[in-house]
Number of protein chains: 2
Amino acid sequence: MSKLVPSTEIVLPTKADFPSYTPKQEAILQGAVQVFLRCGYAGTSMDRVAAEAGVSKQTIYSHFQDKEGLFTALMERMTIRRFQALFHTETLCGEPEALLRRFAETYLTQIADKEYVALFQLIIGESARFPELAKLYGRTVIQQGRHLMSDYFRHHPELGFTDPEAIAHIFVGSLVSYVVAQEIFYGNETSPLSRDRLIENLLNLVLHR
Amino acid sequence: MSKLVPSTEIVLPTKADFPSYTPKQEAILQGAVQVFLRCGYAGTSMDRVAAEAGVSKQTIYSHFQDKEGLFTALMERMTIRRFQALFHTETLCGEPEALLRRFAETYLTQIADKEYVALFQLIIGESARFPELAKLYGRTVIQQGRHLMSDYFRHHPELGFTDPEAIAHIFVGSLVSYVVAQEIFYGNETSPLSRDRLIENLLNLVLHR
DNA sequence: GTCTATAATCAGATAGAC
DNA sequence: GTCTATCTGATTATAGAC
């Protein structure tokens with residue numbers, strides 16, 4: 001254990017995960033987004049998707065194998081896009097406090113987005129039926145955030161973290177569960193906690209000790 | 001603000017939330033658990049529930065108004081039961097470190113249970129269609145945990161927390177998101193982190209500073 | 001490739017016998 | 001109260017015209 005290598009290997013999305021679609025396929029996917037996110041997998045009918053997309057049902061079946069094929073293609077695309085939006089612009093450098101605050105704010109803004117929350121809910125709800133989707137999502141959106149953070153901690157031993165990976169788990173996990181509690185379990189109505197208060201206390205806990 | 005009162009009022013389940021059921025109704029509910037937890041709301045058919053419960057479909061409709069009525073009755077019951085299992089035996093007293101470790105271990109054990117995870121997933125997936133269920137769940141299972149902790153912090157000012165509620169948010173949130181990452185997004189397969197490591201680092205972060 | 005029309009099945013909910 | 005049988009509409013998927 002002499003080299004500073006990550007203790008977990010992250011499998012990043014490759015070019016094979018970014019298939020390109022024809023305009024017709026784009027129309028289908030765009031229509032499918034609305035319905036799947038609102039009604040869930042079983043609650044979505046192909047008729048509804050066809051109507052929303054402005055194409056016939058048979059056209060959907062000729063481009064995507066079946067309902068499962070359409071659903072997985074759509075979910076994979078949305079997951080990868082979120083991944084890009086989350087981490088494309090982020091380069092973890094600068095002073096620890098400013099960096100961590102910027103990371104937390106960016107991450108929270110991204111995952112508290114309405115469409116994002118709906119995607120999150122859908123993948124959780126279908127995690128048993130579509131485990132590969134859940135794994136892809138976990139690897140790209142959740143683990144990648146932890147990975148960036150723990151790498152930063154590892155390369156800044158002056159912060160004094162003996163277990164950077166666990167701290168990253170706690171840091172990112174607090175952000176994720178905040179959104180779950182506030183947006184999905186309606187905590188913003190029953191027991192609100194401002195984003196600033198969360199971030200301030202999280203930074204205090206991690207840095208000022 | 002001179003008295004030590006909780007800053008958020010928790011609405012606890014009352015006796016009205018514990019309806020009693022006849023043996024026939026118990027059989028129906030017991031059959032419905034299996035199917036709803038495995039197939040989701042839309043994916044569950046009343047025929048299937050009837051078969052699983054060993055009764056006729058009409059019997060279900062005569063005891064519960066319709067599919068929604070059966071589903072909400074079942075979810076409410078499971079939520080309340082989990083709430084009891086979580087907090088009935090727990091009294092927060094003793095030394096901070098031992099207390100917090102015991103709390104974290106009990107909480108994790110409870111919410112990492114297979115049936116519990118399935119309930120969690122189902123309520124998240126149906127949170128848009130059944131917001132009242134999500135609110136009930138959030139109030140009883142999640143907020144109640146935070147409430148117990150922040151109360152404890154508030155009554156032990158020697159711990160030096162300027163914002164007990166936010167710290168409780170982070171503490172309980174880390175536990176919840178750990179289970180989400182490990183059990184729902186299959187983190188135990190792709191990037192495992194032991195329960196002990198999480199708890200140890202969480203306690204370090206909160207207490208030893 | 002795209003559409004209209006249709007097949008085959010299954011859903012939630014009810015009627016009526018016992 | 002409970003069951004069997006049934007109704008009505010919606011669902012996935014396909015056939016065949018253009």
# chains A, B, ... in the order shown; residues from 1 in each chain; ligands from 1
call {"tool": "select_by_dssp", "arguments": {"residues": "stretch 1-207 of chain A", "states": "alpha helix (DSSP H)", "output": "PyMOL selection string"}}
result
chain A and resi 23-39+46-53+57-63+67-87+96-111+114-125+131-137+144-154+164-179+187-190+195-207
call {"tool": "interface_residues", "arguments": {"of": "chain C", "to": "chain B", "cutoff": "10 Å", "atoms": "only C-alpha atoms (C1' of nucleotides)", "output": "PyMOL selection string"}}
result
chain C and resi 10-14
call {"tool": "atom_distance", "arguments": {"atom1": "atom CA of B:Ser177", "atom2": "atom CA of A:Asp113"}}
result
18.3 Å
call {"tool": "closest_atom_pairs", "arguments": {"of": "chain D", "to": "chain B", "cutoff": "12 Å", "atoms": "only C-alpha atoms (C1' of nucleotides)", "output": "tab-separated table"}}
result
residue	atom	partner	partner_atom	distance
D:DG1	C1'	B:Thr59	CA	7.9
D:DT2	C1'	B:Thr59	CA	6.4
D:DC3	C1'	B:Ser56	CA	6.5
D:DT4	C1'	B:Ser56	CA	9.1
D:DA5	C1'	B:Gln58	CA	11.5
call {"tool": "closest_residue", "arguments": {"among": "B:Gln144, B:Gln121, B:Ser150, B:Asn204", "to": "B:Ile184", "atoms": "only C-alpha atoms"}}
result
B:Gln121
call {"tool": "interface_residues", "arguments": {"of": "chain B", "to": "chain A", "cutoff": "7 Å", "atoms": "only C-alpha atoms", "output": "JSON, numbers by chain"}}
result
{"B": [8, 42, 43, 121, 122, 124, 125, 127, 134, 135, 138, 166, 167, 170, 173, 174, 176, 177, 178, 184, 185, 186, 191, 197, 198, 201, 205, 206, 209]}
call {"tool": "residues_around", "arguments": {"residues": "B:Thr106", "least_positions_apart": "4", "cutoff": "8 Å", "atoms": "only C-alpha atoms (C1' of nucleotides)", "output": "list in words"}}
result
Leu86, Arg102 and Gln110 of chain B
call {"tool": "write_last_selection", "arguments": {"atoms": "N, CA, C and O atoms", "output": "compact mmCIF listing (two decimals), in the first residue's frame"}}
result
# COMPACT_ATOMS: atom_id res chain seq x y z
N LEU B 86 -38.65 0.11 15.52
CA LEU B 86 -37.48 0.98 15.57
C LEU B 86 -37.32 1.67 16.92
O LEU B 86 -36.24 1.72 17.48
N ARG B 102 -25.00 2.52 19.76
CA ARG B 102 -26.14 1.60 19.88
C ARG B 102 -27.29 2.06 18.97
O ARG B 102 -27.91 1.26 18.29
N GLN B 110 -32.37 -2.41 11.62
CA GLN B 110 -33.79 -2.35 11.27
C GLN B 110 -34.00 -1.99 9.81
O GLN B 110 -34.73 -2.67 9.10
